[in-house]
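Asks: Questions regarding the structure given below will be posed in turn.
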Amino acid sequence: MTHVAVIDIGKTNAKLALVDGDTLSEIAVVTRPNLPLPGPPWPHVDLEGHWAFFLTHLRAFHDTYGVDAISVTTHGAAAVLLDDRGGLAAPMLDYEHAGPDDLSIAYEAQRPGFAATGSPRLPAGLNLGAQLHWLMAQSGVAERVAHVVTYPQYWGWRLTGALASDVTSLGCHTDLWNPWQGRFSDLVAALGLEGRIAPARRADAVLGGLTDAVAAATGIPGGTPVAVGIHDSNASLMPHLRTHDEAFSVVSTGTWVVAMAVGGGAGTMDPARDVLVNVNAMGQPVPSARFMGGREFETMRPATAMPPVAAERHAVLDSGTMLLPSVQPGSGPFPYRQMAWVGAAMTDGERMVALSWYLALMTQTCLQLIAARGPTIIEGPFARNVNFLDMLTALRPEGVQIATSATGTSVGAALLCLPAAVPPATRRHPVPRNADALRTYARAWQAHVECQR
């Protein structure tokens, strides 16, 4: 039996999961909020708070179950600047901070175009290159920076003392990577960072062994292997790369909903609609589209809503009540639209139905933009939302499947350490009885969206 401890950091929560290598199931999970610290000098990630949390629970996991390997997965648009002694050259910027927008004109004069990087121009620090451009302009930072490490590999650095970046994090709308040629873009030289960004490695390589200091803090034996690590959406994709030979798509749901098409058709690839090219764990380009669906759900869901009942679903269909984009403006397929409600007043349950269908319709829009073909696999919390699944299934003729793992990112990251493991099967979601009515509702939603233009 092999147990893989997975550091799994999303934008909302930091997690430590223990994955059983035989069953590929999470046998222990602990979380803490990923709340940015306010500064000075700017809003930044609580790296030390996370580190103390991980060390404490790595020891507990090892004491109870044993830990045989460690892997890391994190959200994208994130890197850490290190000085020549391995300490922080600057606090790790929260990518939602608007500071980089202050230098947007100068940055846009330097960044390569979409054709060279597959990265759309995004606000705040959502392009990692924009973060680095802004940080290097802050007093003293450029002089202190010896190494830039993408976020999963920062934790790998602390665990092993080895420096790397990984292709999935570099390929995540950073402007720093050419996904078709598999190399750094010209922006790296323009920012003066040649030789300072840690070498790019495949996510499934072994970064190194656990240091003696971390071994003493956790009880895990020194030298325990640590994988290079992976961007979280690509961790969700990882299990299905092993089990699908034909075209398919994965929708990774969390704070961000990220749709990724493998073997799809020729999409429009419109960077103005948050369409981009990710890079998977094998180093291959993956057309992707996304919106901040988890954030939108938390913003709009009624605080006291019970699960909707059939009568409330019928009421929303009969009234034509619907939510139009975008709840979270600035990204997604409709970045410049302000949300609006159409239709009558609702109960809390009806509001939940309309919200779930809105999220499914936004997801379908993303899948259409990247010309996704084959079955669509849903990972993460939306896989438990029946109304979301019903609407999407009505709209995807090749079917919707549900990942059986509750935390696809953790299992995907664990697979980096388990080359012979067979990923868990997916479960097909049945076509709902009211599929025709849901398709009619979807056409009406699309018509309203077109009118918004």
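In the structure tokens, the first chain shown is A, the next is B, and so on; residue numbers restart at 1 for each chain, and ligands run from 1 in the order shown.
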DSSP on the backbone: what in segment 85-254 of chain A comes out strand (DSSP E), as a list of chain:residue names?
Replies: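 Those in segment 85-254 of chain A that DSSP calls strand (DSSP E) are A:His147, A:Val148, A:Val149, A:Thr150, A:Ser165, A:Asp166, A:Trp177, A:Asn178, A:Arg183, A:Phe184, A:Ala200, A:Arg201, A:Val206, A:Leu207, A:Gly208, A:Gly209, A:Pro225, A:Val226, A:Ala227, A:Ile230, A:His231, A:Phe248, A:Ser249, A:Val250, A:Val251, A:Ser252, A:Thr253.
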Asks: Take the selection from the previous step and output its residues with C-alpha atoms, as a short mmCIF file (atom, residue, chain, number, x, y, z; two decimals), in the first residue's frame.
Replies:
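Everything below was put into selection_21.cif:
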```
data_model
loop_
_atom_site.label_atom_id
_atom_site.label_comp_id
_atom_site.auth_asym_id
_atom_site.auth_seq_id
_atom_site.Cartn_x
_atom_site.Cartn_y
_atom_site.Cartn_z
CA HIS A 147 15.02 32.80 -8.51
CA VAL A 148 11.42 32.76 -9.67
CA VAL A 149 9.57 29.51 -8.90
CA THR A 150 6.03 28.71 -9.93
CA SER A 165 9.16 25.25 -12.46
CA ASP A 166 6.62 23.01 -14.18
CA TRP A 177 5.55 30.23 -22.18
CA ASN A 178 5.12 29.23 -25.81
CA ARG A 183 9.89 26.93 -24.41
CA PHE A 184 9.94 30.26 -22.61
CA ALA A 200 10.96 23.97 -16.53
CA ARG A 201 10.36 20.27 -15.81
CA VAL A 206 10.73 13.53 -9.12
CA LEU A 207 11.85 16.92 -7.87
CA GLY A 208 13.93 15.47 -5.02
CA GLY A 209 13.84 13.83 -1.62
CA PRO A 225 10.23 11.38 -2.99
CA VAL A 226 8.47 14.62 -3.85
CA ALA A 227 7.00 15.12 -7.34
CA ILE A 230 1.16 20.49 -11.17
CA HIS A 231 -1.34 23.30 -11.79
CA PHE A 248 -13.14 14.25 -24.39
CA SER A 249 -13.36 17.32 -22.20
CA VAL A 250 -12.94 17.91 -18.49
CA VAL A 251 -14.67 20.66 -16.52
CA SER A 252 -12.77 21.35 -13.32
CA THR A 253 -14.99 23.19 -10.83
#
```
Asks: Please return, as an MDAnalysis selection string, all residues of segment 291-404 of chain A that DSSP assigns to helix (DSSP H, G or I) on the basis of the backbone.
Replies: chainID A and resid 293:300 310:319 348:369 381:384 386:395
Asks: Tell me which protein, DNA and RNA residues are within 12 Å of Leu416 of chain A, counting only C-alpha atoms, leaving out same-chain ones fewer than 6 positions away, and put them as a ChimeraX atom specification.
Replies: /A:4-6,19,21,69-73,202-207,225-231,234-239,242,281-282,409-410,423
Asks: Restricted to N, CA and C atoms, what would the selected residues look like written as a tab-separated table (two decimals), in the first residue's frame?
Replies:
```tsv
chain	number	residue	atom	x	y	z
A	4	VAL	N	0.07	8.74	-0.67
A	4	VAL	CA	0.65	9.97	-1.22
A	4	VAL	C	-0.02	11.15	-0.53
A	5	ALA	N	0.77	11.96	0.15
A	5	ALA	CA	0.27	13.20	0.74
A	5	ALA	C	0.28	14.28	-0.33
A	6	VAL	N	-0.85	14.98	-0.49
A	6	VAL	CA	-0.98	15.99	-1.53
A	6	VAL	C	-1.26	17.35	-0.92
A	19	VAL	N	-3.91	10.39	-0.18
A	19	VAL	CA	-4.52	9.54	-1.21
A	19	VAL	C	-3.96	8.13	-1.10
A	21	GLY	N	-2.92	4.85	-2.63
A	21	GLY	CA	-2.47	4.52	-3.97
A	21	GLY	C	-3.17	3.33	-4.58
A	69	ALA	N	5.08	9.22	-0.26
A	69	ALA	CA	5.47	10.17	-1.30
A	69	ALA	C	4.64	11.44	-1.10
A	70	ILE	N	5.09	12.54	-1.69
A	70	ILE	CA	4.39	13.82	-1.56
A	70	ILE	C	4.27	14.44	-2.95
A	71	SER	N	3.11	15.01	-3.22
A	71	SER	CA	2.88	15.73	-4.46
A	71	SER	C	2.24	17.07	-4.11
A	72	VAL	N	2.27	18.01	-5.07
A	72	VAL	CA	1.75	19.35	-4.83
A	72	VAL	C	0.94	19.80	-6.04
A	73	THR	N	-0.21	20.41	-5.79
A	73	THR	CA	-0.98	21.07	-6.83
A	73	THR	C	-1.50	22.40	-6.29
A	202	ARG	N	8.85	18.46	-16.34
A	202	ARG	CA	7.55	17.82	-16.40
A	202	ARG	C	7.01	17.62	-15.00
A	203	ALA	N	5.70	17.75	-14.88
A	203	ALA	CA	5.06	17.67	-13.57
A	203	ALA	C	5.27	16.35	-12.88
A	204	ASP	N	5.40	15.25	-13.65
A	204	ASP	CA	5.47	13.92	-13.05
A	204	ASP	C	6.89	13.46	-12.77
A	205	ALA	N	7.87	14.34	-12.98
A	205	ALA	CA	9.24	13.99	-12.60
A	205	ALA	C	9.39	14.06	-11.08
A	206	VAL	N	10.42	13.41	-10.55
A	206	VAL	CA	10.73	13.53	-9.12
A	206	VAL	C	11.59	14.76	-8.93
A	207	LEU	N	11.09	15.71	-8.14
A	207	LEU	CA	11.85	16.92	-7.87
A	207	LEU	C	13.06	16.62	-6.99
A	225	PRO	N	10.31	10.65	-1.71
A	225	PRO	CA	10.23	11.38	-2.99
A	225	PRO	C	9.10	12.41	-3.02
A	226	VAL	N	9.42	13.53	-3.65
A	226	VAL	CA	8.47	14.62	-3.85
A	226	VAL	C	8.39	14.89	-5.35
A	227	ALA	N	7.19	14.86	-5.91
A	227	ALA	CA	7.00	15.12	-7.34
A	227	ALA	C	7.19	16.60	-7.64
A	228	VAL	N	7.50	16.91	-8.89
A	228	VAL	CA	7.66	18.30	-9.30
A	228	VAL	C	6.40	19.09	-9.01
A	229	GLY	N	5.22	18.52	-9.30
A	229	GLY	CA	3.97	19.21	-8.97
A	229	GLY	C	3.29	19.78	-10.21
A	230	ILE	N	2.03	20.22	-10.02
A	230	ILE	CA	1.16	20.49	-11.17
A	230	ILE	C	0.13	21.57	-10.85
A	231	HIS	N	-0.25	22.32	-11.87
A	231	HIS	CA	-1.34	23.30	-11.79
A	231	HIS	C	-2.66	22.55	-11.55
A	234	ASN	N	-4.95	21.17	-14.37
A	234	ASN	CA	-4.30	20.06	-15.06
A	234	ASN	C	-4.23	18.82	-14.19
A	235	ALA	N	-4.24	18.98	-12.88
A	235	ALA	CA	-4.35	17.82	-11.99
A	235	ALA	C	-5.69	17.13	-12.20
A	236	SER	N	-6.75	17.92	-12.39
A	236	SER	CA	-8.07	17.33	-12.67
A	236	SER	C	-8.08	16.59	-14.00
A	237	LEU	N	-7.31	17.08	-14.95
A	237	LEU	CA	-7.25	16.45	-16.27
A	237	LEU	C	-6.43	15.15	-16.24
A	238	MET	N	-5.47	15.07	-15.34
A	238	MET	CA	-4.47	13.99	-15.34
A	238	MET	C	-5.07	12.58	-15.36
A	239	PRO	N	-6.06	12.25	-14.51
A	239	PRO	CA	-6.56	10.87	-14.53
A	239	PRO	C	-7.16	10.48	-15.87
A	242	ARG	N	-5.03	9.28	-18.85
A	242	ARG	CA	-4.63	7.87	-18.81
A	242	ARG	C	-5.73	6.91	-19.28
A	281	ALA	N	0.11	17.81	-18.37
A	281	ALA	CA	1.27	17.23	-17.67
A	281	ALA	C	2.27	16.59	-18.63
A	282	MET	N	1.83	16.27	-19.84
A	282	MET	CA	2.73	15.71	-20.84
A	282	MET	C	3.41	16.79	-21.67
A	409	THR	N	-8.51	17.12	-8.03
A	409	THR	CA	-7.18	17.71	-8.04
A	409	THR	C	-6.21	16.87	-7.21
A	410	SER	N	-6.64	16.42	-6.05
A	410	SER	CA	-5.76	15.64	-5.19
A	410	SER	C	-5.41	14.30	-5.81
A	423	PRO	N	-6.68	5.04	-12.87
A	423	PRO	CA	-7.59	6.03	-12.27
A	423	PRO	C	-8.99	5.49	-12.07
```
Asks: Could you list, as a PyMOL selection string, every residue within 8 Å of segment 432-437 of chain A, counting only C-alpha atoms and ignoring same-chain residues fewer than 3 positions away?
Replies: chain A and resi 317+390-391+393-394+440-441
Asks: For Gly264 of chain A, which residue among A:Ala345, A:Leu103, A:Ala247, A:Leu367 is the nearest when counting only C-alpha atoms?
Replies: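 The shortest atom-to-atom distance to Gly264 of chain A comes from A:Ala247.
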Asks: If we count only C-alpha atoms, what is near Asp348 of chain A at a cut-off of 12 Å, once residues fewer than 6 positions away on the same chain are taken out, given as an MDAnalysis selection string?
Replies: chainID A and resid 300:309 312:313 316 354:355
Asks: Check the smallest atom-to-atom distance from each of A:Gly320, A:Val275, A:Val327, A:Ala315 to Thr365 of chain A using only C-alpha atoms, then report the winner.
Replies: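 With only C-alpha atoms as the atom set, the closest residue is A:Val275.
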Asks: Got a sec: who's within 9 Å of segment 330-338 of chain A, counting only C-alpha atoms, leaving out chain neighbours fewer than 2 positions off, as a ChimeraX atom specification?
Replies: /A:122-123,272-275,289-293,324-328,340,362,365-366,369,452-453
Asks: Which neighbours of Gly39 of chain A fall inside 10 Å, counting only C-alpha atoms, when residues of the same chain fewer than 5 positions from it are skipped, and could you give them as a list in words?
Replies: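 Once the nearby chain positions are removed, what remains is His44, Val45, Pro91 and Leu93 of chain A.
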Asks: Just checking: using only C-alpha atoms, which residue out of A:Asp186, A:Leu176, A:Pro271, A:Arg351 ends up closest to Arg121 of chain A?
Replies: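 Counting only C-alpha atoms, the residue closest to Arg121 of chain A is A:Pro271.
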Asks: Give me, please, the distance in Å between atom CA of Thr174 of chain A and atom CA of Tyr95 of chain A, quoted to one decimal.
Replies: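 Pair atom CA of Thr174 of chain A / atom CA of Tyr95 of chain A returns 11.6 Å.
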Asks: Return the single residue from A:Pro221, A:Gly254, A:Ile377, A:Val188 that is closest to Asn13 of chain A, with distances computed using only C-alpha atoms.
Replies: A:Gly254
Asks: Between atom CA of Thr224 of chain A and atom CA of Leu163 of chain A, measure the distance and give it in Å to one decimal.
Replies: 16.6 Å
Asks: Kindly assemble as a Markdown table a list of the segment 112-186 of chain A residues that lie within 12 Å of segment 53-60 of chain A, each paired with its nearest atom pair and their distance in Å to one decimal, using only C-alpha atoms, sorted first by chain and then by ascending residue number.
Replies:
```
| residue | atom | partner | partner_atom | distance |
| --- | --- | --- | --- | --- |
| A:Trp155 | CA | A:Phe54 | CA | 10.0 |
| A:Arg158 | CA | A:Leu55 | CA | 10.8 |
| A:Leu159 | CA | A:Leu55 | CA | 9.9 |
```
Asks: Those residues you just picked out, can you put them in a file as a short mmCIF file (atom, residue, chain, number, x, y, z; two decimals), in the first residue's frame with N, CA and C atoms?
Replies:
```cif
data_model
loop_
_atom_site.label_atom_id
_atom_site.label_comp_id
_atom_site.auth_asym_id
_atom_site.auth_seq_id
_atom_site.Cartn_x
_atom_site.Cartn_y
_atom_site.Cartn_z
N TRP A 155 6.54 25.06 -2.91
CA TRP A 155 6.39 24.09 -1.82
C TRP A 155 7.36 22.93 -2.00
N ARG A 158 10.59 24.05 -0.54
CA ARG A 158 10.63 23.97 0.92
C ARG A 158 10.72 22.53 1.41
N LEU A 159 10.18 21.61 0.64
CA LEU A 159 10.23 20.21 1.04
C LEU A 159 11.57 19.54 0.71
#
```
Asks: Measure the distance from atom CA of Thr31 of chain A to atom CA of Arg428 of chain A in Å and round it to one decimal.
Replies: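 Value for the atom CA of Thr31 of chain A-atom CA of Arg428 of chain A distance: 29.3 Å.
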Asks: Taking only C-alpha atoms into account, name the residue in A:Gly408, A:Gly125, A:Pro38, A:Pro112 that is nearest to Gly76 of chain A.
Replies: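 For Gly76 of chain A, the nearest of the candidates is A:Gly125.
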Asks: Can you work out which one of A:Thr376, A:Thr2, A:Ser104, A:Thr218 has the shortest atom-to-atom distance to His133 of chain A, counting only C-alpha atoms?
Replies: A:Ser104
